[in-house]
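Enquirer: What follows is the file run_20.txt, containing compact mmCIF, C-alpha atoms:
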```
# COMPACT_ATOMS: atom_id res chain seq x y z
CA MET A 1 0.94 70.75 -16.05
CA ILE A 2 3.04 68.05 -17.68
CA TYR A 3 -0.13 66.53 -19.12
CA HIS A 4 -1.19 69.86 -20.61
CA LEU A 5 2.33 70.50 -21.89
CA PHE A 6 2.24 67.23 -23.83
CA GLN A 7 -1.19 68.16 -25.17
CA LEU A 8 0.20 71.46 -26.47
CA LEU A 9 3.07 69.60 -28.11
CA LYS A 10 0.89 66.85 -29.57
CA ASP A 11 1.81 67.86 -33.14
CA CYS A 12 5.51 67.42 -32.35
CA ASP A 13 7.13 64.04 -32.80
CA ILE A 14 8.31 63.44 -29.23
CA PRO A 15 9.21 59.84 -28.28
CA GLY A 16 6.78 58.43 -25.70
CA GLN A 17 4.39 61.36 -26.06
CA GLY A 18 1.39 59.09 -26.49
CA LEU A 19 1.87 57.60 -23.02
CA MET A 20 0.24 60.69 -21.50
CA ASN A 21 -3.03 59.71 -23.19
CA TYR A 22 -3.18 56.53 -21.13
CA LEU A 23 -4.96 56.75 -17.80
CA SER A 24 -3.02 53.81 -16.39
CA PHE A 25 0.35 55.41 -17.13
CA ARG A 26 -0.59 58.74 -15.56
CA ALA A 27 -2.12 56.93 -12.58
CA MET A 28 1.05 54.92 -11.92
CA LEU A 29 3.24 57.97 -12.45
CA GLY A 30 1.10 60.02 -10.07
CA CYS A 31 1.06 57.29 -7.41
CA VAL A 32 4.85 56.86 -7.42
CA THR A 33 5.41 60.64 -7.43
CA ALA A 34 3.06 61.13 -4.48
CA MET A 35 4.82 58.39 -2.56
CA LEU A 36 8.25 59.88 -3.19
CA ILE A 37 7.05 63.34 -2.19
CA SER A 38 5.74 61.90 1.08
CA PHE A 39 9.09 60.20 1.71
CA PHE A 40 11.36 63.15 1.06
CA ILE A 41 9.22 66.17 1.96
CA GLY A 42 7.81 64.29 4.96
CA ARG A 43 11.20 63.91 6.59
CA ARG A 44 11.92 67.64 6.32
CA ILE A 45 8.49 68.64 7.57
CA ILE A 46 8.80 66.33 10.57
CA ARG A 47 12.18 67.84 11.45
CA TRP A 48 10.72 71.34 11.14
CA LEU A 49 7.77 70.40 13.37
CA GLN A 50 10.15 68.96 15.94
CA LYS A 51 12.31 72.07 15.80
CA LYS A 52 9.26 74.27 16.38
CA GLN A 53 8.11 71.86 19.12
CA ILE A 54 4.75 71.38 17.47
CA GLY A 55 3.84 68.25 19.40
CA GLU A 56 0.65 66.47 20.30
CA THR A 57 -0.89 67.26 23.66
CA ILE A 58 -1.97 63.97 25.20
CA ARG A 59 -4.84 63.67 27.66
CA ASP A 60 -4.22 60.69 29.96
CA LEU A 61 -7.01 58.17 29.34
CA GLY A 62 -5.19 55.25 30.90
CA LEU A 63 -4.38 53.62 27.55
CA GLU A 64 -1.28 51.47 27.19
CA GLY A 65 1.61 53.38 25.59
CA GLN A 66 -0.45 56.54 25.35
CA MET A 67 1.81 58.89 27.30
CA GLN A 68 4.84 57.82 25.27
CA LYS A 69 3.23 59.63 22.34
CA LYS A 70 3.33 62.96 24.12
CA GLY A 71 5.27 65.49 22.08
CA THR A 72 5.02 63.55 18.81
CA PRO A 73 4.75 66.11 15.97
CA THR A 74 1.24 66.73 14.71
CA MET A 75 -0.21 68.59 11.69
CA GLY A 76 1.45 65.95 9.50
CA GLY A 77 -1.58 66.15 7.23
CA VAL A 78 0.34 68.88 5.44
CA ILE A 79 2.56 66.09 4.06
CA ILE A 80 -0.47 64.28 2.66
CA ILE A 81 -1.92 67.42 1.09
CA LEU A 82 1.35 68.39 -0.60
CA ALA A 83 1.84 64.83 -1.83
CA ILE A 84 -1.64 64.95 -3.40
CA VAL A 85 -1.73 68.45 -4.84
CA ILE A 86 1.69 68.45 -6.59
CA PRO A 87 1.22 65.21 -8.64
CA VAL A 88 -2.38 66.15 -9.47
CA LEU A 89 -1.19 69.49 -10.86
CA LEU A 90 1.46 67.64 -12.88
CA PHE A 91 -0.41 64.66 -14.31
CA CYS A 92 -4.18 65.31 -14.18
CA ASP A 93 -6.36 67.15 -16.67
CA LEU A 94 -6.93 70.42 -14.81
CA ALA A 95 -9.74 71.37 -17.18
CA ASN A 96 -11.72 68.35 -15.98
CA ILE A 97 -14.53 69.33 -13.59
CA TYR A 98 -13.92 66.27 -11.41
CA THR A 99 -10.26 67.16 -10.92
CA GLN A 100 -11.25 70.71 -10.02
CA LEU A 101 -13.83 69.58 -7.45
CA LEU A 102 -11.46 67.13 -5.78
CA LEU A 103 -8.64 69.69 -5.63
CA PHE A 104 -11.04 72.22 -4.10
CA THR A 105 -12.21 69.60 -1.58
CA THR A 106 -8.63 68.74 -0.60
CA LEU A 107 -7.68 72.35 0.03
CA TRP A 108 -10.99 73.28 1.70
CA CYS A 109 -11.08 70.37 4.16
CA GLY A 110 -7.33 70.56 4.69
CA GLY A 111 -7.74 74.25 5.47
CA ILE A 112 -10.44 73.54 8.05
CA GLY A 113 -8.25 70.95 9.72
CA PHE A 114 -5.18 73.19 9.57
CA ILE A 115 -7.01 76.03 11.35
CA ASP A 116 -8.28 73.58 13.96
CA ASP A 117 -4.76 72.19 14.56
CA TYR A 118 -3.29 75.70 14.60
CA ILE A 119 -5.67 76.77 17.37
CA LYS A 120 -4.82 73.66 19.40
CA VAL A 121 -1.06 73.84 18.96
CA PHE A 122 -0.15 77.51 18.71
CA ARG A 123 -2.93 79.04 20.79
CA HIS A 124 -2.86 76.16 23.29
CA ASN A 125 -6.64 75.72 23.10
CA LYS A 126 -7.33 71.99 23.38
CA GLU A 127 -10.85 72.42 22.04
CA GLY A 128 -9.65 73.87 18.74
CA MET A 129 -12.24 75.17 16.31
CA SER A 130 -15.78 74.85 17.60
CA GLU A 131 -17.73 71.81 16.41
CA ARG A 132 -20.45 74.06 15.03
CA MET A 133 -18.00 76.04 12.90
CA LYS A 134 -16.37 72.87 11.54
CA LEU A 135 -19.77 71.40 10.74
CA PHE A 136 -20.87 74.64 9.08
CA LEU A 137 -17.79 74.73 6.84
CA GLN A 138 -18.27 71.07 5.91
CA ILE A 139 -21.89 71.77 5.02
CA VAL A 140 -20.76 74.71 2.86
CA LEU A 141 -18.47 72.31 0.97
CA GLY A 142 -21.32 69.83 0.58
CA PHE A 143 -23.60 72.47 -0.91
CA ALA A 144 -20.81 73.71 -3.22
CA VAL A 145 -20.26 70.19 -4.56
CA GLY A 146 -24.00 69.46 -4.73
CA LEU A 147 -24.84 72.63 -6.65
CA THR A 148 -21.96 71.99 -9.05
CA VAL A 149 -23.25 68.48 -9.72
CA CYS A 150 -26.70 69.97 -10.23
CA PHE A 151 -25.86 72.80 -12.60
CA SER A 152 -22.57 71.92 -14.34
CA ASP A 153 -23.00 70.83 -17.95
CA GLN A 154 -19.80 68.76 -17.65
CA ILE A 155 -21.27 66.39 -15.07
CA VAL A 156 -23.55 64.11 -17.05
CA VAL A 157 -24.44 60.45 -17.31
CA ARG A 158 -24.76 58.51 -20.55
CA GLU A 159 -27.45 55.97 -19.80
CA LYS A 160 -27.40 54.04 -23.06
CA VAL A 161 -24.39 53.29 -25.18
CA ALA A 162 -24.43 52.14 -28.78
CA SER A 163 -21.67 50.60 -30.89
CA ALA A 164 -19.53 49.75 -27.88
CA SER A 165 -17.56 47.26 -29.97
CA ALA A 166 -16.25 50.16 -32.01
CA VAL A 167 -13.92 51.13 -29.20
CA SER A 168 -12.36 47.68 -28.82
CA GLY A 169 -8.67 48.07 -28.11
CA THR A 170 -9.05 51.44 -26.36
CA GLU A 171 -9.81 49.99 -22.94
CA ASP A 172 -6.94 51.83 -21.30
CA LEU A 173 -7.31 55.11 -23.17
CA ASN A 174 -9.16 58.15 -21.90
CA VAL A 175 -12.12 57.56 -24.23
CA ASP A 176 -13.37 61.06 -23.60
CA SER A 177 -10.38 62.50 -25.42
CA GLU A 178 -11.22 65.17 -27.98
CA THR A 179 -9.58 63.27 -30.82
CA LEU A 180 -11.73 60.17 -30.46
CA VAL A 181 -14.93 62.18 -30.17
CA GLU A 182 -14.16 64.18 -33.32
CA ASP A 183 -13.42 61.01 -35.26
CA SER A 184 -16.77 59.51 -34.18
CA VAL A 185 -15.23 56.22 -33.11
CA TRP A 186 -18.44 55.35 -31.32
CA GLU A 187 -21.98 56.62 -30.89
CA MET A 188 -23.54 57.41 -27.54
CA GLU A 189 -27.12 58.28 -26.63
CA ASN A 190 -29.04 59.95 -23.83
CA VAL A 191 -26.58 62.40 -22.37
CA VAL A 192 -28.52 63.53 -19.32
CA LYS A 193 -28.32 65.38 -16.03
CA SER A 194 -29.32 62.64 -13.69
CA THR A 195 -30.04 62.08 -10.00
CA LYS A 196 -29.44 58.37 -10.41
CA THR A 197 -26.90 56.53 -8.32
CA THR A 198 -25.62 52.98 -7.92
CA ILE A 199 -27.20 50.60 -5.43
CA PRO A 200 -26.53 46.85 -5.01
CA PHE A 201 -28.93 43.91 -4.91
CA ILE A 202 -31.34 45.21 -7.59
CA LYS A 203 -31.51 44.32 -11.27
CA ASP A 204 -30.23 47.49 -12.91
CA HIS A 205 -27.97 48.60 -10.04
CA GLU A 206 -29.59 52.03 -10.19
CA PHE A 207 -31.61 54.14 -7.79
CA ASP A 208 -33.11 57.52 -8.64
CA TYR A 209 -33.64 60.10 -5.91
CA LYS A 210 -36.73 61.31 -7.76
CA VAL A 211 -38.71 58.56 -5.98
CA PHE A 212 -38.70 60.87 -2.94
CA SER A 213 -40.43 63.63 -4.91
CA PRO A 214 -44.21 63.90 -4.44
CA PHE A 215 -44.40 66.31 -7.39
CA LYS A 216 -44.24 65.99 -11.15
CA GLY A 217 -43.12 68.34 -13.85
CA GLU A 218 -40.99 71.37 -13.02
CA TRP A 219 -41.61 71.16 -9.25
CA GLY A 220 -40.64 67.49 -9.33
CA TRP A 221 -37.36 68.39 -11.03
CA TYR A 222 -36.51 70.96 -8.37
CA PHE A 223 -37.52 68.66 -5.52
CA LYS A 224 -35.46 65.64 -6.67
CA TRP A 225 -32.34 67.79 -7.07
CA ALA A 226 -32.92 69.35 -3.65
CA VAL A 227 -33.03 65.84 -2.14
CA TYR A 228 -29.90 64.85 -4.04
CA VAL A 229 -27.99 67.95 -2.91
CA LEU A 230 -28.98 67.31 0.72
CA MET A 231 -27.78 63.73 0.35
CA ILE A 232 -24.45 65.02 -0.96
CA VAL A 233 -24.14 67.35 2.05
CA LEU A 234 -24.85 64.43 4.39
CA VAL A 235 -22.27 62.17 2.72
CA VAL A 236 -19.53 64.82 2.73
CA THR A 237 -19.98 65.73 6.41
CA ALA A 238 -20.36 62.10 7.51
CA CYS A 239 -17.22 60.93 5.69
CA SER A 240 -15.13 63.85 6.88
CA ASN A 241 -16.12 63.39 10.52
CA GLY A 242 -15.97 59.59 10.33
CA THR A 243 -12.34 59.68 9.20
CA ASN A 244 -11.57 62.21 11.91
CA LEU A 245 -12.96 59.89 14.60
CA THR A 246 -10.99 56.92 13.22
CA ASP A 247 -7.72 58.82 13.47
CA GLY A 248 -6.85 57.66 16.97
CA MET A 249 -4.14 55.05 16.48
CA ASP A 250 -0.87 54.95 14.59
CA GLY A 251 -1.57 54.17 10.94
CA LEU A 252 -5.25 53.32 11.43
CA ALA A 253 -6.88 56.13 9.45
CA ALA A 254 -4.15 56.30 6.78
CA GLY A 255 -4.06 52.55 6.11
CA THR A 256 -7.84 52.12 6.06
CA SER A 257 -8.29 55.17 3.81
CA ALA A 258 -5.71 53.85 1.35
CA MET A 259 -7.79 50.69 0.86
CA VAL A 260 -10.91 52.78 0.32
CA GLY A 261 -8.99 54.91 -2.19
CA VAL A 262 -7.97 51.83 -4.19
CA VAL A 263 -11.60 50.70 -4.55
CA ILE A 264 -12.90 54.16 -5.47
CA GLY A 265 -10.11 54.47 -8.04
CA ILE A 266 -11.09 51.13 -9.61
CA LEU A 267 -14.78 52.08 -9.65
CA ALA A 268 -13.97 55.47 -11.18
CA TRP A 269 -11.94 53.81 -13.94
CA LEU A 270 -14.72 51.31 -14.65
CA SER A 271 -17.40 54.02 -14.71
CA GLY A 272 -15.36 56.15 -17.10
CA ASN A 273 -14.58 53.27 -19.45
CA LEU A 274 -17.08 52.55 -22.20
CA LEU A 275 -16.57 48.79 -22.49
CA ASN A 276 -16.31 48.00 -18.79
CA SER A 277 -19.32 50.08 -17.78
CA ASP A 278 -21.36 48.37 -20.48
CA TYR A 279 -20.17 44.91 -19.40
CA LEU A 280 -20.90 45.56 -15.70
CA ASN A 281 -24.19 47.26 -16.56
CA ILE A 282 -23.29 50.40 -14.61
CA MET A 283 -23.65 54.04 -15.58
CA TYR A 284 -21.06 55.35 -18.01
CA ILE A 285 -19.87 58.69 -16.61
CA PRO A 286 -17.57 60.53 -19.03
CA GLY A 287 -14.47 62.05 -17.48
CA THR A 288 -14.26 59.96 -14.31
CA GLY A 289 -10.99 58.48 -15.50
CA GLU A 290 -9.40 61.60 -14.01
CA ILE A 291 -10.87 60.60 -10.64
CA ALA A 292 -9.05 57.28 -10.99
CA ILE A 293 -5.77 59.18 -11.46
CA PHE A 294 -6.56 61.43 -8.49
CA MET A 295 -7.31 58.43 -6.27
CA SER A 296 -4.09 56.74 -7.39
CA VAL A 297 -2.22 59.85 -6.22
CA PHE A 298 -4.30 59.80 -3.02
CA VAL A 299 -3.29 56.19 -2.28
CA GLY A 300 0.37 56.91 -3.04
CA ALA A 301 0.35 59.90 -0.67
CA LEU A 302 -1.18 57.82 2.14
CA CYS A 303 1.23 54.93 1.64
CA GLY A 304 4.14 57.35 1.74
CA PHE A 305 2.76 58.95 4.88
CA LEU A 306 2.50 55.51 6.51
CA TRP A 307 6.30 55.33 6.33
CA TYR A 308 6.30 57.83 9.20
CA ASN A 309 2.85 57.26 10.68
CA SER A 310 2.95 53.47 11.20
CA TYR A 311 3.47 52.21 14.75
CA PRO A 312 5.27 53.76 16.54
CA ALA A 313 4.34 56.98 14.77
CA GLN A 314 6.91 59.67 14.10
CA VAL A 315 4.17 62.13 13.14
CA PHE A 316 0.38 62.41 13.46
CA MET A 317 -1.77 63.67 10.61
CA GLY A 318 -3.99 65.76 12.89
CA ASP A 319 -7.26 67.23 11.68
CA THR A 320 -5.34 68.70 8.74
CA GLY A 321 -5.04 65.24 7.28
CA SER A 322 -8.09 63.41 8.61
CA LEU A 323 -10.65 66.00 7.48
CA ALA A 324 -9.04 66.23 4.04
CA ILE A 325 -9.00 62.45 3.64
CA GLY A 326 -12.66 62.12 4.62
CA GLY A 327 -13.70 64.94 2.31
CA ILE A 328 -11.87 63.39 -0.66
CA ILE A 329 -13.46 59.98 -0.06
CA GLY A 330 -16.97 61.43 0.28
CA VAL A 331 -16.80 63.73 -2.76
CA SER A 332 -15.16 61.15 -5.03
CA ALA A 333 -17.81 58.55 -4.15
CA ILE A 334 -20.53 61.08 -4.96
CA LEU A 335 -19.00 62.01 -8.31
CA ILE A 336 -18.90 58.38 -9.48
CA ARG A 337 -22.44 57.80 -8.11
CA LYS A 338 -21.34 55.20 -5.55
CA GLU A 339 -22.23 57.04 -2.34
CA LEU A 340 -24.74 54.36 -1.29
CA LEU A 341 -21.89 51.82 -1.24
CA LEU A 342 -19.98 53.82 1.38
CA PRO A 343 -21.56 52.12 4.44
CA VAL A 344 -19.93 48.91 3.18
CA LEU A 345 -16.72 50.32 1.71
CA CYS A 346 -16.15 52.69 4.65
CA GLY A 347 -17.52 50.23 7.18
CA ILE A 348 -14.66 50.98 9.60
CA PHE A 349 -15.45 54.72 9.57
CA PHE A 350 -19.18 53.99 9.79
CA VAL A 351 -18.85 51.71 12.84
CA GLU A 352 -16.42 54.10 14.56
CA SER A 353 -18.88 56.97 14.15
CA LEU A 354 -21.81 54.78 15.19
CA SER A 355 -19.98 53.69 18.35
CA VAL A 356 -19.58 57.32 19.42
CA LEU A 357 -23.26 58.10 18.77
CA ILE A 358 -24.43 54.98 20.62
CA GLN A 359 -22.12 55.67 23.55
CA ARG A 360 -23.24 59.28 23.96
CA PHE A 361 -26.94 58.54 23.55
CA TYR A 362 -27.01 55.56 25.91
CA TYR A 363 -24.88 57.27 28.55
CA LYS A 364 -27.10 60.37 28.60
CA TYR A 365 -30.26 58.25 28.51
CA THR A 366 -29.26 56.04 31.46
CA ARG A 367 -27.99 59.05 33.45
CA HIS A 368 -31.34 60.75 32.94
CA LYS A 369 -33.28 57.62 33.94
CA THR A 370 -31.17 56.29 36.81
CA GLY A 371 -28.87 59.16 37.73
CA THR A 372 -25.83 57.08 36.77
CA GLY A 373 -24.68 56.87 33.19
CA ARG A 374 -23.86 53.46 31.76
CA ARG A 375 -21.60 52.63 28.82
CA VAL A 376 -22.17 50.28 25.93
CA PHE A 377 -18.44 50.28 25.09
CA ARG A 378 -15.59 50.70 27.52
CA MET A 379 -14.43 53.66 25.46
CA ALA A 380 -15.47 55.28 22.20
CA PRO A 381 -14.54 55.46 19.36
CA LEU A 382 -14.56 51.69 19.03
CA HIS A 383 -10.80 51.15 18.58
CA HIS A 384 -10.17 52.37 22.13
CA HIS A 385 -12.69 49.86 23.51
CA TYR A 386 -10.17 47.06 22.97
CA GLN A 387 -7.46 48.82 24.98
CA ARG A 388 -9.27 49.00 28.33
CA THR A 389 -10.66 46.20 30.47
CA ASP A 390 -11.07 48.06 33.77
CA ILE A 391 -14.13 50.14 32.76
CA PRO A 392 -17.57 48.56 33.28
CA ALA A 393 -19.61 48.36 30.09
CA ILE A 394 -22.36 46.27 28.50
CA ILE A 395 -19.92 44.76 25.98
CA LYS A 396 -17.30 42.92 28.06
CA TRP A 397 -15.23 41.36 25.27
CA PRO A 398 -12.21 41.17 25.08
CA SER A 399 -11.18 40.17 28.57
CA HIS A 400 -7.58 41.37 28.13
CA PRO A 401 -6.23 44.59 26.60
CA VAL A 402 -5.20 44.25 22.95
CA PRO A 403 -1.93 45.92 21.85
CA GLU A 404 -2.36 48.93 19.60
CA ALA A 405 -0.41 47.48 16.68
CA LYS A 406 -2.60 44.36 16.67
CA ILE A 407 -5.82 46.42 16.76
CA VAL A 408 -4.67 48.46 13.77
CA THR A 409 -3.66 45.34 11.81
CA ARG A 410 -7.00 43.68 12.47
CA PHE A 411 -8.90 46.80 11.45
CA TRP A 412 -6.86 46.83 8.22
CA LEU A 413 -7.83 43.21 7.57
CA VAL A 414 -11.50 44.02 8.08
CA GLY A 415 -11.05 46.99 5.74
CA MET A 416 -9.63 44.66 3.06
CA ILE A 417 -12.62 42.34 3.40
CA LEU A 418 -15.03 45.28 3.04
CA ALA A 419 -13.11 46.57 0.01
CA VAL A 420 -13.37 43.22 -1.78
CA ALA A 421 -17.05 42.93 -0.79
CA THR A 422 -17.77 46.34 -2.28
CA LEU A 423 -16.28 45.33 -5.63
CA ALA A 424 -18.19 42.04 -5.51
CA LEU A 425 -21.47 43.94 -5.10
CA LEU A 426 -21.15 45.10 -8.72
CA LYS A 427 -22.00 41.57 -9.84
CA ILE A 428 -24.82 40.93 -7.35
CA ARG A 429 -28.25 41.73 -8.74
```
Show me, as structure tokens, the structure contained in the file I just sent.

Expert:
Amino acid sequence: MIYHLFQLLKDCDIPGQGLMNYLSFRAMLGCVTAMLISFFIGRRIIRWLQKKQIGETIRDLGLEGQMQKKGTPTMGGVIIILAIVIPVLLFCDLANIYTQLLLFTTLWCGGIGFIDDYIKVFRHNKEGMSERMKLFLQIVLGFAVGLTVCFSDQIVVREKVASASAVSGTEDLNVDSETLVEDSVWEMENVVKSTKTTIPFIKDHEFDYKVFSPFKGEWGWYFKWAVYVLMIVLVVTACSNGTNLTDGMDGLAAGTSAMVGVVIGILAWLSGNLLNSDYLNIMYIPGTGEIAIFMSVFVGALCGFLWYNSYPAQVFMGDTGSLAIGGIIGVSAILIRKELLLPVLCGIFFVESLSVLIQRFYYKYTRHKTGTGRRVFRMAPLHHHYQRTDIPAIIKWPSHPVPEAKIVTRFWLVGMILAVATLALLKIR
């Protein structure tokens, strides 16, 4: 709203008015605002949750320090959502299709998680919303995003750029601004609706989903977009559930997601910047600078939430927060055409989800074959494996239980390594 207010007053001589045209300024302002909202609103929400006795119900799994968490307020994801939505409304371009999609994703996934938490806490149903219903609603979101990417005229890729030197000195500006376009500061070619995405280790860093289409012509067009939409659905559901599974220790999901948000924000800024996208030989996607601002707000909200969620946690985010975080990460990666980098960037979420799938499959398989189920990990998701040493499993390391705070710190360090590796992949061909 503040951004649009300054745009309306652009003919007035207001000191500092031009700052709102800079992505970096709005990103920093949004990040700090989100952090402050988390600090101050978070404290009041936690007190309200404690007053209403909205605490976490703990199932005794024999984990060290687990029962001490009983009664800790949950549904703290509301803090994250408020800390994201308010700065985005203030500092982002609300007419931008990417801002609209990410806001919709935040509220949709946050709503799913809120209903799930509400059923668990207020209706005292530990199962919460059924897995099928949650999956169905996530798939609906995936199709909504996929069809928007498919049919929206605002979501395009400029494959070839001419006269890039003409925009020298505007590296930090939103180069999609109406003023620069009208003045013809540069020339751009091949504005296309594309099913291309970014992939490492190949010369042009690009992969087109049309390779899966056995048809040509009109049928080929429909088939490649159908494949792309299904891929979007898969990414959205996988990211949302992966973050949900990772949310099992104090600060683990929030800290890891903040690192992912930093990288996606950087990639969004590079993709939406004419000079940098040309230098890195990646697709120039007009308008993704707003995604960089959104992700800056996202990181600020998570860092502010960590003030209360770090060990020992004063509040848990619950499904309200974890599903929203995963949805934002998945959709933002899709919009900047970096979804194939997620297995590296979100390696923590990927391995956590994989550990659950491996554990379930192997346990059921061995129980069917021998009558007694065997475990690959002592517990799943993976972070709990390091807390127990008294359960027989194929993987026997470590020999002693690892304290929760140390597990979280080590997972953060791995997340940092994966974040740096993801950025490095842009230069590997």

Enquirer: Write out as a ChimeraX atom specification each polymer residue whose atoms come within 10 Å of range 138-149 of chain A, counting only C-alpha atoms; drop sequence neighbours fewer than 2 positions from it.

Expert: /A:97-98,101-102,104-105,108-109,112,132-136,151-156,193-195,225-226,228-238,240-241,323,327,330-331,334-335

Enquirer: Using all atoms listed in the file, can you tell me which of A:Asp319, A:Gly261, A:Val227, A:Ser399 comes closest to Ile119 in chain A?

Expert: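 Residue with the minimum atom-to-atom distance to Ile119 in chain A: A:Asp319.
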
Enquirer: Could you check the closest approach to Thr198 in chain A for each of A:Glu339, A:Asp13, A:Asp116, A:Glu218 and tell me which residue wins, using all atoms listed in the file?

Expert: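 Ranked by minimum distance to Thr198 in chain A, first place goes to A:Glu339.
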
Enquirer: So the first atom is CA of Gly18 in chain A and the second is CA of Ala301 in chain A; what is the distance between them in Å, to one decimal place?

Expert: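 CA of Ala301 in chain A lies at a distance of 25.9 Å from CA of Gly18 in chain A.
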
Enquirer: Find, counting all atoms listed in the file, the residue in A:Val85, A:Leu8, A:Ala292, A:Val315 that gets nearest to Ile46 in chain A.

Expert: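 Of A:Val85, A:Leu8, A:Ala292, A:Val315, the one nearest Ile46 in chain A is A:Val315, counting all atoms listed in the file.
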
Enquirer: So how many Å separate CA of Pro403 in chain A and CA of Phe298 in chain A, to one decimal?

Expert: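 Value for the CA of Pro403 in chain A-CA of Phe298 in chain A distance: 28.6 Å.
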
Enquirer: For the atom pair CA of Met1 in chain A and CA of Gly300 in chain A, what is the interatomic distance in Å to one decimal place?

Expert: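 Calculated distance between CA of Met1 in chain A and CA of Gly300 in chain A is 19.0 Å.
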